[in-house]
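Asks: Can you keep this structure in mind? I'll have questions shortly.
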Amino acid sequence: MLIVAGTMIAFSVFVLPLTGETATTTGTTPAALPPLQDTPLPDRVKLGFLLYNDLNISARRNTGCVTCHAHSAGFADPRSAADPVNMPVSPGSEPGKFGTRNAQTAAYATFSPPFHWDEQKQTYVGGQFWDGRANSLKDQAIGPPLNPLEMAMPNKEAVLARLAENPVYLEAFRRLYGVDLKWPQVEMVYPKFGAAIGSFEPTDEFAEFNSKYDYYVAGKIDLTPQEQLGLQLFNGKAKCNNCHSSKPPANYPHALFTDFTYDNLGLPVNPRIAGLHGVDSLPLDLGLGGRPEIAAKHPDGSQNGKFKVPTLRNIEITPPYGHNGVFATLEQIVHFYNTRDTLGEVPDATDPNFGITGWPKPEVPKNVNRAELGNLGLTDDEEAAVVAFLKTLTDDAFDEKDLEHPEGEAPLRR
């Protein structure tokens with residue numbers, strides 16, 4: 001046994017008082033970590049920040065988490081926000097490669113509970129991604145580097161080799177997680193990469209709670225008459241509140257504007273995604289029901305077409321909308337919610353009359369929610385009011401120095 005920088009290291013087990021984790025040596029793993037260098041190192045949050053913004057963890061060294069989840073676009077993809085019609089999904093690291101689903105915002109994702117079945121609600125709840133296939137932020141973070149349509153790294157070993165090029169990462173992973181990025185025990189080391197990013201994403205940068213609505217709730221500002229009407233409709237006639245509650249959950253001071261459940265909204269296919277892939281069509285996206293383990297538990301197809309209810313926070317700056325980005329504007333998706341079942345029908349989403357004289361058929365007709373949307377009876381003015389209210393959910397709406405906070409800490413922070 002030897003002592004390195006105050007950490008006991010045994011020949012068979014590393015005891016890490018700093019983290020509470022234990023790493024057992026197997027195979028060719030060194031019995032002891034080499035001496036730490038006298039170098040300033042980041043803490044876990046700072047390490048996660050560095051990794052989140054690192055473009056080198058992609059095949060062409062051109063794509064990182066930040067590429068598709070940038071603060072400037074509400075932690076969604078700024079390229080899609082700039083051209084929501086033609087760029088409904090994100091380009092990947094490799095030229096000509098694109099995703100198949102709209103990049104979700106990473107903002108407020110920390111509040112999503114682990115994926116589970118809610119017996120009381122009789123629905124699945126939580127998880128990360130549109131289909132909830134990752135339980136946590138750290139589980140979510142390890143997927144994109146290996147996705148051939150995203151960062152396109154060939155395997156976990158290649159990701160760790162890229163990380164090991166950076167001496168700061170080498171030292172930080174050894175100090176903070178008790179692992180060496182060059183160890184061959186990839187299944188032990190690779191999850192630490194996700195854990196580091198998962199330490200950064202719960203920070204206040206991703207959950208600012210400083211929208212106009214938050215200041216309104218704090219009694220610091222008034223909503224306009226149109227925004228006030230939109231809030232009333234949101235909680236009433238428009239039925240938005242059924243899944244996007246404007247009330248805080250139990251034991252938490254801020255509304256999250258999602259219940260983290262799953263729903264089939266009856267969205268039509270977005271043919272522009274197939275066009276980006278250079279094909280005429282793509283397989284049906286069954287969402288939650290497309291996960292093999294979910295399909296096995298529900299052979300009746302009752303989960304087909306269901307996708308996770310997203311937060312509406314920052315919705316104004318995160319176009320396009322829907323799991324396939326088929327709606328380019330807030331006005332369009334609100335109109336769809338209102339008139340899906342009454343407007344008429346057009347062939348597909350590229351039709352010039354899309355959303356004007358009709359909507360295409362749902363991609364997955366089974367399980368479509370017809371109780372809470374599709375025939376809301378909102379007038380044009382009421383639709384506009386709902387949109388106006390949704391725009392009050394954008395963070396960084398004000399310079400907080402211009403508004404007096406109550407005594408003590410700022411009320412809109414976690």
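Residue numbering restarts at 1 in every chain; chains get A, B, ... in the order shown in the structure tokens, and ligands count up from 1 in that same order.
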If you run DSSP on the backbone here, which positions in region 62-111 of chain A get helix (DSSP H, G or I)? Please write them as a PDB file with all heavy atoms, in the first residue's frame.
Replies:
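Output (selection04.pdb):
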ATOM      1  N   CYS A  65     -20.978  18.534 -27.545  1.00  0.00           N
ATOM      2  CA  CYS A  65     -22.304  18.734 -26.958  1.00  0.00           C
ATOM      3  C   CYS A  65     -22.823  20.129 -27.267  1.00  0.00           C
ATOM      4  O   CYS A  65     -23.991  20.325 -27.610  1.00  0.00           O
ATOM      5  CB  CYS A  65     -22.252  18.533 -25.448  1.00  0.00           C
ATOM      6  SG  CYS A  65     -21.589  16.956 -24.894  1.00  0.00           S
ATOM      7  N   VAL A  66     -21.935  21.110 -27.149  1.00  0.00           N
ATOM      8  CA  VAL A  66     -22.316  22.507 -27.329  1.00  0.00           C
ATOM      9  C   VAL A  66     -22.777  22.804 -28.744  1.00  0.00           C
ATOM     10  O   VAL A  66     -23.530  23.754 -28.971  1.00  0.00           O
ATOM     11  CB  VAL A  66     -21.137  23.425 -26.944  1.00  0.00           C
ATOM     12  CG1 VAL A  66     -19.993  23.296 -27.956  1.00  0.00           C
ATOM     13  CG2 VAL A  66     -21.580  24.865 -26.789  1.00  0.00           C
ATOM     14  N   THR A  67     -22.358  22.008 -29.722  1.00  0.00           N
ATOM     15  CA  THR A  67     -22.728  22.264 -31.104  1.00  0.00           C
ATOM     16  C   THR A  67     -24.231  22.171 -31.305  1.00  0.00           C
ATOM     17  O   THR A  67     -24.832  22.983 -32.012  1.00  0.00           O
ATOM     18  CB  THR A  67     -22.012  21.270 -32.041  1.00  0.00           C
ATOM     19  OG1 THR A  67     -20.611  21.277 -31.762  1.00  0.00           O
ATOM     20  CG2 THR A  67     -22.241  21.631 -33.503  1.00  0.00           C
ATOM     21  N   CYS A  68     -24.843  21.182 -30.700  1.00  0.00           N
ATOM     22  CA  CYS A  68     -26.292  20.963 -30.847  1.00  0.00           C
ATOM     23  C   CYS A  68     -27.091  21.451 -29.650  1.00  0.00           C
ATOM     24  O   CYS A  68     -28.337  21.404 -29.683  1.00  0.00           O
ATOM     25  CB  CYS A  68     -26.578  19.481 -31.075  1.00  0.00           C
ATOM     26  SG  CYS A  68     -25.752  18.775 -32.507  1.00  0.00           S
ATOM     27  N   HIS A  71     -26.118  27.567 -25.520  1.00  0.00           N
ATOM     28  CA  HIS A  71     -26.831  28.510 -24.658  1.00  0.00           C
ATOM     29  C   HIS A  71     -27.588  29.549 -25.481  1.00  0.00           C
ATOM     30  O   HIS A  71     -28.713  29.934 -25.155  1.00  0.00           O
ATOM     31  CB  HIS A  71     -25.825  29.193 -23.723  1.00  0.00           C
ATOM     32  CG  HIS A  71     -26.468  29.914 -22.580  1.00  0.00           C
ATOM     33  ND1 HIS A  71     -25.758  30.348 -21.486  1.00  0.00           N
ATOM     34  CD2 HIS A  71     -27.749  30.279 -22.354  1.00  0.00           C
ATOM     35  CE1 HIS A  71     -26.580  30.962 -20.639  1.00  0.00           C
ATOM     36  NE2 HIS A  71     -27.787  30.939 -21.140  1.00  0.00           N
ATOM     37  N   SER A  72     -26.990  29.994 -26.572  1.00  0.00           N
ATOM     38  CA  SER A  72     -27.599  31.041 -27.399  1.00  0.00           C
ATOM     39  C   SER A  72     -28.927  30.613 -28.008  1.00  0.00           C
ATOM     40  O   SER A  72     -29.743  31.460 -28.379  1.00  0.00           O
ATOM     41  CB  SER A  72     -26.636  31.434 -28.521  1.00  0.00           C
ATOM     42  OG  SER A  72     -26.383  30.328 -29.381  1.00  0.00           O
ATOM     43  N   ALA A  73     -29.132  29.300 -28.132  1.00  0.00           N
ATOM     44  CA  ALA A  73     -30.378  28.778 -28.690  1.00  0.00           C
ATOM     45  C   ALA A  73     -31.181  28.030 -27.636  1.00  0.00           C
ATOM     46  O   ALA A  73     -31.870  27.065 -27.939  1.00  0.00           O
ATOM     47  CB  ALA A  73     -30.085  27.861 -29.870  1.00  0.00           C
ATOM     48  N   PRO A  78     -28.500  25.832 -32.561  1.00  0.00           N
ATOM     49  CA  PRO A  78     -28.665  27.158 -33.172  1.00  0.00           C
ATOM     50  C   PRO A  78     -28.815  27.093 -34.687  1.00  0.00           C
ATOM     51  O   PRO A  78     -29.404  27.989 -35.290  1.00  0.00           O
ATOM     52  CB  PRO A  78     -27.389  27.898 -32.770  1.00  0.00           C
ATOM     53  CG  PRO A  78     -26.401  26.838 -32.427  1.00  0.00           C
ATOM     54  CD  PRO A  78     -27.191  25.687 -31.895  1.00  0.00           C
ATOM     55  N   ARG A  79     -28.299  26.039 -35.322  1.00  0.00           N
ATOM     56  CA  ARG A  79     -28.449  25.907 -36.773  1.00  0.00           C
ATOM     57  C   ARG A  79     -29.896  25.612 -37.139  1.00  0.00           C
ATOM     58  O   ARG A  79     -30.431  26.144 -38.116  1.00  0.00           O
ATOM     59  CB  ARG A  79     -27.513  24.810 -37.291  1.00  0.00           C
ATOM     60  CG  ARG A  79     -26.040  25.109 -37.047  1.00  0.00           C
ATOM     61  CD  ARG A  79     -25.181  23.874 -37.200  1.00  0.00           C
ATOM     62  NE  ARG A  79     -25.523  22.846 -36.211  1.00  0.00           N
ATOM     63  CZ  ARG A  79     -24.884  21.691 -36.095  1.00  0.00           C
ATOM     64  NH1 ARG A  79     -23.850  21.419 -36.891  1.00  0.00           N
ATOM     65  NH2 ARG A  79     -25.250  20.811 -35.175  1.00  0.00           N
ATOM     66  N   SER A  80     -30.547  24.790 -36.354  1.00  0.00           N
ATOM     67  CA  SER A  80     -31.968  24.518 -36.576  1.00  0.00           C
ATOM     68  C   SER A  80     -32.812  25.737 -36.238  1.00  0.00           C
ATOM     69  O   SER A  80     -33.793  26.041 -36.927  1.00  0.00           O
ATOM     70  CB  SER A  80     -32.409  23.316 -35.737  1.00  0.00           C
ATOM     71  OG  SER A  80     -31.757  22.138 -36.154  1.00  0.00           O
ATOM     72  N   ALA A  81     -32.435  26.445 -35.185  1.00  0.00           N
ATOM     73  CA  ALA A  81     -33.179  27.647 -34.813  1.00  0.00           C
ATOM     74  C   ALA A  81     -33.096  28.705 -35.907  1.00  0.00           C
ATOM     75  O   ALA A  81     -34.061  29.444 -36.145  1.00  0.00           O
ATOM     76  CB  ALA A  81     -32.636  28.200 -33.499  1.00  0.00           C
ATOM     77  N   ALA A  82     -31.947  28.766 -36.598  1.00  0.00           N
ATOM     78  CA  ALA A  82     -31.768  29.765 -37.649  1.00  0.00           C
ATOM     79  C   ALA A  82     -32.515  29.406 -38.924  1.00  0.00           C
ATOM     80  O   ALA A  82     -32.917  30.281 -39.687  1.00  0.00           O
ATOM     81  CB  ALA A  82     -30.281  29.938 -37.956  1.00  0.00           C
ATOM     82  N   ALA A 109     -33.023  19.850 -18.132  1.00  0.00           N
ATOM     83  CA  ALA A 109     -33.060  18.396 -18.233  1.00  0.00           C
ATOM     84  C   ALA A 109     -32.715  17.721 -16.909  1.00  0.00           C
ATOM     85  O   ALA A 109     -33.108  16.582 -16.670  1.00  0.00           O
ATOM     86  CB  ALA A 109     -32.094  17.918 -19.321  1.00  0.00           C
ATOM     87  N   THR A 110     -31.994  18.421 -16.060  1.00  0.00           N
ATOM     88  CA  THR A 110     -31.606  17.843 -14.775  1.00  0.00           C
ATOM     89  C   THR A 110     -32.800  17.472 -13.902  1.00  0.00           C
ATOM     90  O   THR A 110     -32.694  16.639 -13.010  1.00  0.00           O
ATOM     91  CB  THR A 110     -30.683  18.809 -14.014  1.00  0.00           C
ATOM     92  OG1 THR A 110     -30.209  18.182 -12.830  1.00  0.00           O
ATOM     93  CG2 THR A 110     -31.413  20.094 -13.633  1.00  0.00           C
ATOM     94  N   PHE A 111     -33.960  18.080 -14.164  1.00  0.00           N
ATOM     95  CA  PHE A 111     -35.127  17.836 -13.314  1.00  0.00           C
ATOM     96  C   PHE A 111     -35.914  16.592 -13.733  1.00  0.00           C
ATOM     97  O   PHE A 111     -36.829  16.176 -13.032  1.00  0.00           O
ATOM     98  CB  PHE A 111     -36.051  19.051 -13.321  1.00  0.00           C
ATOM     99  CG  PHE A 111     -35.417  20.271 -12.724  1.00  0.00           C
ATOM    100  CD1 PHE A 111     -34.878  21.262 -13.524  1.00  0.00           C
ATOM    101  CD2 PHE A 111     -35.329  20.416 -11.349  1.00  0.00           C
ATOM    102  CE1 PHE A 111     -34.275  22.379 -12.977  1.00  0.00           C
ATOM    103  CE2 PHE A 111     -34.725  21.532 -10.786  1.00  0.00           C
ATOM    104  CZ  PHE A 111     -34.202  22.511 -11.603  1.00  0.00           C
TER     105      PHE A 111
END
Asks: For His277 (chain A), please output as a PyMOL selection string all residues within 10 Å (counting only C-alpha atoms; exclusion window: fewer than 4 positions along the same chain).
Replies: chain A and resi 96-100+272-273+281-282
Asks: Take the residues from that selection and write them out as a tab-separated table (two decimals), in the first residue's frame, keeping all heavy atoms.
Replies:
chain	number	residue	atom	x	y	z
A	96	GLY	N	-22.58	15.17	-44.65
A	96	GLY	CA	-23.72	14.48	-45.23
A	96	GLY	C	-24.51	13.64	-44.25
A	96	GLY	O	-25.52	13.03	-44.65
A	97	LYS	N	-24.09	13.59	-43.00
A	97	LYS	CA	-24.82	12.82	-41.99
A	97	LYS	C	-25.70	13.77	-41.17
A	97	LYS	O	-25.27	14.87	-40.80
A	97	LYS	CB	-23.85	12.09	-41.06
A	97	LYS	CG	-22.98	11.07	-41.77
A	97	LYS	CD	-23.79	9.88	-42.25
A	97	LYS	CE	-22.88	8.79	-42.81
A	97	LYS	NZ	-23.64	7.64	-43.30
A	98	PHE	N	-26.91	13.31	-40.87
A	98	PHE	CA	-27.86	14.10	-40.09
A	98	PHE	C	-28.57	13.19	-39.09
A	98	PHE	O	-28.68	11.98	-39.31
A	98	PHE	CB	-28.91	14.76	-41.00
A	98	PHE	CG	-28.35	15.78	-41.94
A	98	PHE	CD1	-27.82	15.40	-43.16
A	98	PHE	CD2	-28.34	17.12	-41.60
A	98	PHE	CE1	-27.29	16.33	-44.04
A	98	PHE	CE2	-27.81	18.07	-42.47
A	98	PHE	CZ	-27.28	17.68	-43.69
A	99	GLY	N	-29.07	13.81	-38.02
A	99	GLY	CA	-29.88	13.06	-37.08
A	99	GLY	C	-31.24	12.72	-37.66
A	99	GLY	O	-31.58	13.09	-38.79
A	100	THR	N	-32.03	12.02	-36.88
A	100	THR	CA	-33.38	11.67	-37.31
A	100	THR	C	-34.45	12.32	-36.43
A	100	THR	O	-35.63	12.25	-36.75
A	100	THR	CB	-33.59	10.15	-37.30
A	100	THR	OG1	-33.29	9.63	-36.00
A	100	THR	CG2	-32.68	9.48	-38.33
A	272	ARG	N	-38.79	16.32	-44.89
A	272	ARG	CA	-37.51	17.02	-45.11
A	272	ARG	C	-36.35	16.26	-44.45
A	272	ARG	O	-35.20	16.40	-44.89
A	272	ARG	CB	-37.60	18.44	-44.58
A	272	ARG	CG	-38.57	19.33	-45.37
A	272	ARG	CD	-38.56	20.77	-44.89
A	272	ARG	NE	-39.42	21.61	-45.70
A	272	ARG	CZ	-40.71	21.83	-45.46
A	272	ARG	NH1	-41.29	21.22	-44.40
A	272	ARG	NH2	-41.43	22.61	-46.23
A	273	ILE	N	-36.63	15.48	-43.42
A	273	ILE	CA	-35.56	14.70	-42.79
A	273	ILE	C	-35.07	13.63	-43.75
A	273	ILE	O	-33.85	13.43	-43.91
A	273	ILE	CB	-36.05	14.07	-41.47
A	273	ILE	CG1	-36.49	15.17	-40.48
A	273	ILE	CG2	-34.95	13.23	-40.85
A	273	ILE	CD1	-37.06	14.63	-39.18
A	281	SER	N	-37.87	8.11	-48.10
A	281	SER	CA	-38.60	8.01	-46.83
A	281	SER	C	-37.73	7.30	-45.81
A	281	SER	O	-36.77	6.60	-46.16
A	281	SER	CB	-39.92	7.26	-47.01
A	281	SER	OG	-39.68	5.91	-47.42
A	282	LEU	N	-38.07	7.48	-44.56
A	282	LEU	CA	-37.41	6.81	-43.45
A	282	LEU	C	-38.40	5.89	-42.75
A	282	LEU	O	-39.62	6.06	-42.89
A	282	LEU	CB	-36.88	7.84	-42.45
A	282	LEU	CG	-35.74	8.74	-42.94
A	282	LEU	CD1	-35.48	9.86	-41.93
A	282	LEU	CD2	-34.47	7.94	-43.16
Asks: May I ask which of the residues A:Asp204, A:Asp259, A:Asp83, A:Glu363 is the closest one to Gly305 (chain A), counting only C-alpha atoms?
Replies: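 Of A:Asp204, A:Asp259, A:Asp83, A:Glu363, the one nearest Gly305 (chain A) is A:Glu363, counting only C-alpha atoms.
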Asks: Could you give me, as CSV, every region 50-129 of chain A residue with an atom at most 12 Å from region 189-196 of chain A, plus its closest atom pair and distance in Å to one decimal, counting only C-alpha atoms, rows ordered by chain then number?
Replies:
residue,atom,partner,partner_atom,distance
A:Leu50,CA,A:Ala196,CA,9.4
A:Leu51,CA,A:Ala196,CA,7.8
A:Tyr52,CA,A:Ala196,CA,9.1
A:Ile57,CA,A:Phe193,CA,10.8
A:Cys65,CA,A:Gly194,CA,11.5
Asks: Using only C-alpha atoms, determine which residues lie at most 10 Å from Gln104 (chain A), disregarding the query and same-chain residues fewer than 2 positions distant; provide the list as a list in words.
Replies: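 Those residues are Cys68, His69, Gly74, Phe75, Ala76, Asp77, Val89, Arg101, Asn102, Ala106, Ala107, Ala109, Gln128, Phe129, Trp130, Pro310, Thr311, Thr318, Pro319, Pro320, Tyr321, Gly322, His323 and Gly325 of chain A.
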Asks: Can you spit out the residues from that selection as a tab-separated table (two decimals), in the first residue's frame, using N, CA, C and O atoms?
Replies:
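File produced: out-v3.tsv:
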chain	number	residue	atom	x	y	z
A	68	CYS	N	-24.84	21.18	-30.70
A	68	CYS	CA	-26.29	20.96	-30.85
A	68	CYS	C	-27.09	21.45	-29.65
A	68	CYS	O	-28.34	21.40	-29.68
A	69	HIS	N	-26.40	21.90	-28.61
A	69	HIS	CA	-27.08	22.35	-27.39
A	69	HIS	C	-26.37	23.61	-26.87
A	69	HIS	O	-25.68	23.58	-25.85
A	74	GLY	N	-31.10	28.48	-26.40
A	74	GLY	CA	-31.84	27.82	-25.33
A	74	GLY	C	-31.38	26.40	-25.10
A	74	GLY	O	-32.15	25.54	-24.68
A	75	PHE	N	-30.10	26.13	-25.38
A	75	PHE	CA	-29.49	24.81	-25.26
A	75	PHE	C	-30.08	23.81	-26.24
A	75	PHE	O	-30.07	22.60	-26.00
A	76	ALA	N	-30.62	24.31	-27.35
A	76	ALA	CA	-30.95	23.49	-28.51
A	76	ALA	C	-29.96	23.84	-29.62
A	76	ALA	O	-28.96	24.53	-29.39
A	77	ASP	N	-30.23	23.40	-30.85
A	77	ASP	CA	-29.27	23.58	-31.94
A	77	ASP	C	-29.48	24.94	-32.61
A	77	ASP	O	-30.54	25.17	-33.20
A	89	VAL	N	-33.31	18.75	-38.20
A	89	VAL	CA	-32.46	17.89	-37.41
A	89	VAL	C	-31.02	18.35	-37.57
A	89	VAL	O	-30.68	19.09	-38.49
A	101	ARG	N	-34.02	12.93	-35.33
A	101	ARG	CA	-34.95	13.64	-34.46
A	101	ARG	C	-34.41	15.03	-34.15
A	101	ARG	O	-33.19	15.24	-34.11
A	102	ASN	N	-35.31	15.95	-33.90
A	102	ASN	CA	-34.97	17.31	-33.51
A	102	ASN	C	-34.17	17.31	-32.21
A	102	ASN	O	-34.54	16.61	-31.25
A	106	ALA	N	-31.21	21.01	-23.81
A	106	ALA	CA	-30.59	20.43	-22.62
A	106	ALA	C	-30.93	21.24	-21.37
A	106	ALA	O	-30.60	20.82	-20.26
A	107	ALA	N	-31.59	22.38	-21.55
A	107	ALA	CA	-31.96	23.21	-20.40
A	107	ALA	C	-33.01	22.49	-19.57
A	107	ALA	O	-33.93	21.86	-20.10
A	109	ALA	N	-33.02	19.85	-18.13
A	109	ALA	CA	-33.06	18.40	-18.23
A	109	ALA	C	-32.71	17.72	-16.91
A	109	ALA	O	-33.11	16.58	-16.67
A	128	GLN	N	-34.09	10.53	-20.22
A	128	GLN	CA	-33.52	11.51	-21.14
A	128	GLN	C	-33.71	11.03	-22.57
A	128	GLN	O	-33.94	9.85	-22.81
A	129	PHE	N	-33.59	11.92	-23.52
A	129	PHE	CA	-33.89	11.71	-24.93
A	129	PHE	C	-35.41	11.72	-25.14
A	129	PHE	O	-36.19	11.61	-24.19
A	130	TRP	N	-35.82	11.82	-26.39
A	130	TRP	CA	-37.24	11.85	-26.73
A	130	TRP	C	-37.95	10.56	-26.31
A	130	TRP	O	-39.15	10.57	-26.04
A	310	PRO	N	-41.81	17.75	-23.62
A	310	PRO	CA	-40.67	18.62	-23.33
A	310	PRO	C	-41.07	19.80	-22.44
A	310	PRO	O	-42.24	20.17	-22.35
A	311	THR	N	-40.08	20.40	-21.80
A	311	THR	CA	-40.34	21.65	-21.10
A	311	THR	C	-40.65	22.74	-22.13
A	311	THR	O	-40.14	22.72	-23.25
A	318	THR	N	-36.15	27.94	-29.35
A	318	THR	CA	-35.71	26.57	-29.64
A	318	THR	C	-36.47	25.95	-30.81
A	318	THR	O	-36.78	24.76	-30.78
A	319	PRO	N	-36.80	26.72	-31.87
A	319	PRO	CA	-37.43	26.06	-33.01
A	319	PRO	C	-36.42	25.15	-33.72
A	319	PRO	O	-35.21	25.34	-33.55
A	320	PRO	N	-36.93	24.17	-34.49
A	320	PRO	CA	-38.33	23.84	-34.76
A	320	PRO	C	-38.93	23.02	-33.63
A	320	PRO	O	-38.24	22.71	-32.66
A	321	TYR	N	-40.20	22.64	-33.79
A	321	TYR	CA	-40.94	22.02	-32.70
A	321	TYR	C	-41.46	20.64	-33.08
A	321	TYR	O	-41.76	20.37	-34.23
A	322	GLY	N	-41.60	19.82	-32.05
A	322	GLY	CA	-41.98	18.43	-32.24
A	322	GLY	C	-40.75	17.55	-32.35
A	322	GLY	O	-39.65	18.02	-32.66
A	323	HIS	N	-40.91	16.27	-32.09
A	323	HIS	CA	-39.76	15.35	-32.09
A	323	HIS	C	-39.07	15.30	-33.45
A	323	HIS	O	-37.89	14.96	-33.53
A	325	GLY	N	-39.30	18.04	-35.63
A	325	GLY	CA	-39.13	19.42	-36.08
A	325	GLY	C	-40.05	19.81	-37.22
A	325	GLY	O	-39.71	20.68	-38.02
Asks: How many Å separate CA of Ile142 (chain A) from CA of Pro271 (chain A)?
Replies: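 Spanning CA of Ile142 (chain A) to CA of Pro271 (chain A) is a straight-line distance of 29.1 Å.
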Asks: Pick from A:Leu343, A:Leu376, A:Ile197, A:Cys240: nearest to Lys138 (chain A), with only C-alpha atoms counted?
Replies: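 The closest residue to Lys138 (chain A) is A:Ile197.
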